[in-house]
Each structure stands twice: as structure tokens, then as C-alpha cells.
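Novice: First the structure, then my questions, so here it is.
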Amino acid sequence: MKGDIETFFEGGQWKNKVEGSRRAANIHDTKEAATSKGRDMARERKVEHFIRNKDGRIGERNTYGHDPRSIPG
């Protein structure tokens, strides 16, 4: 599967988009609902999940799956 997941606010709605896609994968009324769905999508794909605030800044970032920056231990 491709691309990281981004949760963002646009046009009065919270959306999730897969990196590289032109359109939102799903749309929600609340940030909580969009974040939950985005987290599930990222876990399923084993990619990163970027959660943006209403102002567009990244408020949270989570990695699911292999993290190339982690130190084996």
C-alpha cells in the first residue's frame, strides 16, 4: 500500500487523505472521528499519520510499523 495518512481541516470538515491522492479518502464532522479513522488507516498500512490543527500546522505525528529512525535493541 502507498503513502502516509494526513488528517486535516478543510471546508468546515475534517478529512483524511492518503499521501499522493488528490482527494480525501473520508470526511468527518469532528477532529476526533477523523483522527480515529486516520489512525486505523495508518496502522493498516504501517505508515505515518500526520494530524494537523485547524491552522494547518502539524499538531501530532505517529509512526505505525517500521520506523527507520529507531535504534534496534
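Chain lettering (A, B, ...) mirrors the order of the C-alpha cells, residue numbering begins at 1 for each chain separately, and ligand numbering begins at 1 in order of display.
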Can you list, as a JSON list (two decimals) with C-alpha atoms, in the first residue's frame, every protein, DNA or RNA residue that comes within 10 Å of Ile51 (chain A) when you count only C-alpha atoms, leaving out same-chain residues fewer than 4 positions away?

Specialist:
[["chain", "number", "residue", "atom", "x", "y", "z"],
["A", 5, "ILE", "CA", -2.05, 9.41, 6.14],
["A", 6, "GLU", "CA", -2.81, 13.06, 6.79],
["A", 7, "THR", "CA", -5.74, 14.27, 8.93],
["A", 8, "PHE", "CA", -6.61, 17.91, 8.22],
["A", 9, "PHE", "CA", -9.37, 20.55, 8.36],
["A", 16, "ASN", "CA", -8.17, 12.05, 5.87],
["A", 31, "LYS", "CA", -11.41, 16.04, 14.59],
["A", 34, "ALA", "CA", -11.23, 11.84, 11.63],
["A", 35, "THR", "CA", -8.20, 11.16, 13.84],
["A", 38, "GLY", "CA", -6.83, 8.12, 10.14],
["A", 39, "ARG", "CA", -5.06, 6.17, 12.89],
["A", 56, "GLY", "CA", -2.58, 23.69, 9.14],
["A", 57, "ARG", "CA", 0.36, 23.09, 11.46],
["A", 58, "ILE", "CA", 1.25, 19.54, 12.38],
["A", 59, "GLY", "CA", 0.00, 19.01, 15.92],
["A", 60, "GLU", "CA", 0.80, 15.32, 16.21],
["A", 61, "ARG", "CA", 2.73, 12.72, 14.26],
["A", 62, "ASN", "CA", 2.69, 8.97, 14.85]]

Novice: Rank A:His49, A:Met41, A:Glu10, A:Asp55 by their smallest atom-to-atom distance to Ile27 (chain A), using only C-alpha atoms, and report the top residue only.

Specialist: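 That would be A:Glu10, the residue with the smallest distance to Ile27 (chain A).
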
Novice: To one decimal in Å, tell me the separation between CA of Glu44 (chain A) and CA of Ser21 (chain A).

Specialist: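 Those two atoms sit 17.0 Å apart.
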
Novice: Name the residues of region 1-69 of chain A that come out as helix (DSSP H, G or I) in a backbone DSSP run; write them as a PDB file with all heavy atoms, in the first residue's frame.

Specialist:
ATOM      1  N   LYS A  31     -12.824  16.406  14.654  1.00  0.00           N
ATOM      2  CA  LYS A  31     -11.411  16.040  14.587  1.00  0.00           C
ATOM      3  C   LYS A  31     -11.196  14.663  15.204  1.00  0.00           C
ATOM      4  O   LYS A  31     -10.410  13.863  14.691  1.00  0.00           O
ATOM      5  CB  LYS A  31     -10.567  17.091  15.314  1.00  0.00           C
ATOM      6  CG  LYS A  31      -9.080  16.818  15.236  1.00  0.00           C
ATOM      7  CD  LYS A  31      -8.279  17.915  15.905  1.00  0.00           C
ATOM      8  CE  LYS A  31      -6.783  17.691  15.742  1.00  0.00           C
ATOM      9  NZ  LYS A  31      -6.005  18.785  16.323  1.00  0.00           N
ATOM     10  N   GLU A  32     -11.909  14.382  16.287  1.00  0.00           N
ATOM     11  CA  GLU A  32     -11.765  13.102  16.974  1.00  0.00           C
ATOM     12  C   GLU A  32     -12.117  11.933  16.058  1.00  0.00           C
ATOM     13  O   GLU A  32     -11.408  10.923  16.005  1.00  0.00           O
ATOM     14  CB  GLU A  32     -12.618  13.068  18.241  1.00  0.00           C
ATOM     15  CG  GLU A  32     -12.146  14.002  19.324  1.00  0.00           C
ATOM     16  CD  GLU A  32     -12.504  15.476  19.077  1.00  0.00           C
ATOM     17  OE1 GLU A  32     -13.408  15.776  18.261  1.00  0.00           O
ATOM     18  OE2 GLU A  32     -11.845  16.337  19.675  1.00  0.00           O
ATOM     19  N   ALA A  33     -13.219  12.048  15.333  1.00  0.00           N
ATOM     20  CA  ALA A  33     -13.648  10.977  14.430  1.00  0.00           C
ATOM     21  C   ALA A  33     -12.650  10.795  13.292  1.00  0.00           C
ATOM     22  O   ALA A  33     -12.289   9.673  12.927  1.00  0.00           O
ATOM     23  CB  ALA A  33     -15.041  11.273  13.876  1.00  0.00           C
ATOM     24  N   ALA A  34     -12.191  11.910  12.733  1.00  0.00           N
ATOM     25  CA  ALA A  34     -11.225  11.843  11.632  1.00  0.00           C
ATOM     26  C   ALA A  34      -9.901  11.264  12.109  1.00  0.00           C
ATOM     27  O   ALA A  34      -9.287  10.443  11.417  1.00  0.00           O
ATOM     28  CB  ALA A  34     -11.011  13.228  11.028  1.00  0.00           C
ATOM     29  N   THR A  35      -9.460  11.661  13.296  1.00  0.00           N
ATOM     30  CA  THR A  35      -8.201  11.161  13.844  1.00  0.00           C
ATOM     31  C   THR A  35      -8.270   9.658  14.082  1.00  0.00           C
ATOM     32  O   THR A  35      -7.334   8.927  13.768  1.00  0.00           O
ATOM     33  CB  THR A  35      -7.851  11.903  15.152  1.00  0.00           C
ATOM     34  OG1 THR A  35      -7.702  13.291  14.851  1.00  0.00           O
ATOM     35  CG2 THR A  35      -6.573  11.392  15.767  1.00  0.00           C
ATOM     36  N   SER A  36      -9.376   9.201  14.617  1.00  0.00           N
ATOM     37  CA  SER A  36      -9.552   7.774  14.886  1.00  0.00           C
ATOM     38  C   SER A  36      -9.486   6.957  13.584  1.00  0.00           C
ATOM     39  O   SER A  36      -8.793   5.948  13.508  1.00  0.00           O
ATOM     40  CB  SER A  36     -10.888   7.543  15.594  1.00  0.00           C
ATOM     41  OG  SER A  36     -11.099   6.173  15.810  1.00  0.00           O
ATOM     42  N   LYS A  37     -10.203   7.413  12.570  1.00  0.00           N
ATOM     43  CA  LYS A  37     -10.195   6.721  11.274  1.00  0.00           C
ATOM     44  C   LYS A  37      -8.817   6.800  10.636  1.00  0.00           C
ATOM     45  O   LYS A  37      -8.314   5.811  10.084  1.00  0.00           O
ATOM     46  CB  LYS A  37     -11.264   7.321  10.359  1.00  0.00           C
ATOM     47  CG  LYS A  37     -11.321   6.687   9.000  1.00  0.00           C
ATOM     48  CD  LYS A  37     -11.697   5.219   9.071  1.00  0.00           C
ATOM     49  CE  LYS A  37     -11.842   4.635   7.661  1.00  0.00           C
ATOM     50  NZ  LYS A  37     -12.072   3.197   7.696  1.00  0.00           N
ATOM     51  N   GLY A  38      -8.172   7.961  10.701  1.00  0.00           N
ATOM     52  CA  GLY A  38      -6.834   8.123  10.140  1.00  0.00           C
ATOM     53  C   GLY A  38      -5.828   7.210  10.819  1.00  0.00           C
ATOM     54  O   GLY A  38      -4.961   6.621  10.168  1.00  0.00           O
ATOM     55  N   ARG A  39      -5.944   7.070  12.137  1.00  0.00           N
ATOM     56  CA  ARG A  39      -5.061   6.175  12.892  1.00  0.00           C
ATOM     57  C   ARG A  39      -5.242   4.732  12.428  1.00  0.00           C
ATOM     58  O   ARG A  39      -4.275   4.007  12.197  1.00  0.00           O
ATOM     59  CB  ARG A  39      -5.362   6.282  14.385  1.00  0.00           C
ATOM     60  CG  ARG A  39      -4.465   5.425  15.255  1.00  0.00           C
ATOM     61  CD  ARG A  39      -4.794   5.512  16.736  1.00  0.00           C
ATOM     62  NE  ARG A  39      -4.923   6.885  17.204  1.00  0.00           N
ATOM     63  CZ  ARG A  39      -6.060   7.440  17.636  1.00  0.00           C
ATOM     64  NH1 ARG A  39      -7.171   6.744  17.675  1.00  0.00           N
ATOM     65  NH2 ARG A  39      -6.065   8.693  18.034  1.00  0.00           N
ATOM     66  N   ASP A  40      -6.496   4.319  12.265  1.00  0.00           N
ATOM     67  CA  ASP A  40      -6.767   2.963  11.772  1.00  0.00           C
ATOM     68  C   ASP A  40      -6.166   2.748  10.387  1.00  0.00           C
ATOM     69  O   ASP A  40      -5.582   1.694  10.110  1.00  0.00           O
ATOM     70  CB  ASP A  40      -8.272   2.698  11.722  1.00  0.00           C
ATOM     71  CG  ASP A  40      -8.914   2.602  13.095  1.00  0.00           C
ATOM     72  OD1 ASP A  40      -8.181   2.448  14.101  1.00  0.00           O
ATOM     73  OD2 ASP A  40     -10.155   2.685  13.164  1.00  0.00           O
ATOM     74  N   MET A  41      -6.317   3.731   9.524  1.00  0.00           N
ATOM     75  CA  MET A  41      -5.766   3.632   8.158  1.00  0.00           C
ATOM     76  C   MET A  41      -4.249   3.512   8.196  1.00  0.00           C
ATOM     77  O   MET A  41      -3.663   2.703   7.474  1.00  0.00           O
ATOM     78  CB  MET A  41      -6.172   4.864   7.334  1.00  0.00           C
ATOM     79  CG  MET A  41      -7.651   4.949   7.031  1.00  0.00           C
ATOM     80  SD  MET A  41      -8.131   6.549   6.322  1.00  0.00           S
ATOM     81  CE  MET A  41      -7.254   6.511   4.752  1.00  0.00           C
ATOM     82  N   ALA A  42      -3.592   4.332   9.040  1.00  0.00           N
ATOM     83  CA  ALA A  42      -2.127   4.314   9.144  1.00  0.00           C
ATOM     84  C   ALA A  42      -1.632   2.991   9.715  1.00  0.00           C
ATOM     85  O   ALA A  42      -0.637   2.437   9.239  1.00  0.00           O
ATOM     86  CB  ALA A  42      -1.645   5.483  10.000  1.00  0.00           C
ATOM     87  N   ARG A  43      -2.321   2.467  10.715  1.00  0.00           N
ATOM     88  CA  ARG A  43      -1.942   1.176  11.294  1.00  0.00           C
ATOM     89  C   ARG A  43      -2.069   0.067  10.261  1.00  0.00           C
ATOM     90  O   ARG A  43      -1.206  -0.802  10.156  1.00  0.00           O
ATOM     91  CB  ARG A  43      -2.810   0.865  12.499  1.00  0.00           C
ATOM     92  CG  ARG A  43      -2.427   1.645  13.728  1.00  0.00           C
ATOM     93  CD  ARG A  43      -3.306   1.286  14.906  1.00  0.00           C
ATOM     94  NE  ARG A  43      -2.842   1.958  16.111  1.00  0.00           N
ATOM     95  CZ  ARG A  43      -3.606   2.228  17.139  1.00  0.00           C
ATOM     96  NH1 ARG A  43      -4.890   1.882  17.132  1.00  0.00           N
ATOM     97  NH2 ARG A  43      -3.109   2.837  18.196  1.00  0.00           N
ATOM     98  N   GLU A  44      -3.146   0.091   9.516  1.00  0.00           N
ATOM     99  CA  GLU A  44      -3.386  -0.922   8.484  1.00  0.00           C
ATOM    100  C   GLU A  44      -2.289  -0.900   7.419  1.00  0.00           C
ATOM    101  O   GLU A  44      -1.829  -1.944   6.966  1.00  0.00           O
ATOM    102  CB  GLU A  44      -4.748  -0.662   7.842  1.00  0.00           C
ATOM    103  CG  GLU A  44      -5.178  -1.680   6.829  1.00  0.00           C
ATOM    104  CD  GLU A  44      -6.548  -1.351   6.288  1.00  0.00           C
ATOM    105  OE1 GLU A  44      -7.523  -1.355   7.075  1.00  0.00           O
ATOM    106  OE2 GLU A  44      -6.653  -1.062   5.075  1.00  0.00           O
ATOM    107  N   ARG A  45      -1.855   0.286   7.050  1.00  0.00           N
ATOM    108  CA  ARG A  45      -0.838   0.445   6.001  1.00  0.00           C
ATOM    109  C   ARG A  45       0.592   0.417   6.535  1.00  0.00           C
ATOM    110  O   ARG A  45       1.541   0.414   5.779  1.00  0.00           O
ATOM    111  CB  ARG A  45      -1.074   1.773   5.273  1.00  0.00           C
ATOM    112  CG  ARG A  45      -2.304   1.772   4.420  1.00  0.00           C
ATOM    113  CD  ARG A  45      -2.632   3.178   3.922  1.00  0.00           C
ATOM    114  NE  ARG A  45      -3.647   3.184   2.897  1.00  0.00           N
ATOM    115  CZ  ARG A  45      -4.947   3.019   3.125  1.00  0.00           C
ATOM    116  NH1 ARG A  45      -5.397   2.815   4.339  1.00  0.00           N
ATOM    117  NH2 ARG A  45      -5.802   3.044   2.129  1.00  0.00           N
TER     118      ARG A  45
END

Novice: What parts of region 19-54 of chain A does DSSP call strand (DSSP E or B)? I'd like the answer as a PDB file with C-alpha atoms, in the first residue's frame.

Specialist:
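states.pdb, written as the output of this step:
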ATOM      1  CA  ASN A  26     -13.086  10.092   4.043  1.00  0.00           C
ATOM      2  CA  ILE A  27     -14.759  13.112   5.657  1.00  0.00           C
ATOM      3  CA  HIS A  28     -15.866  13.670   9.271  1.00  0.00           C
ATOM      4  CA  GLU A  48       2.989   7.580   9.436  1.00  0.00           C
ATOM      5  CA  HIS A  49      -0.083   9.554  10.492  1.00  0.00           C
ATOM      6  CA  PHE A  50       0.137  13.344  10.458  1.00  0.00           C
ATOM      7  CA  ILE A  51      -2.596  15.166  12.394  1.00  0.00           C
ATOM      8  CA  ARG A  52      -2.859  18.851  11.567  1.00  0.00           C
TER       9      ARG A  52
END
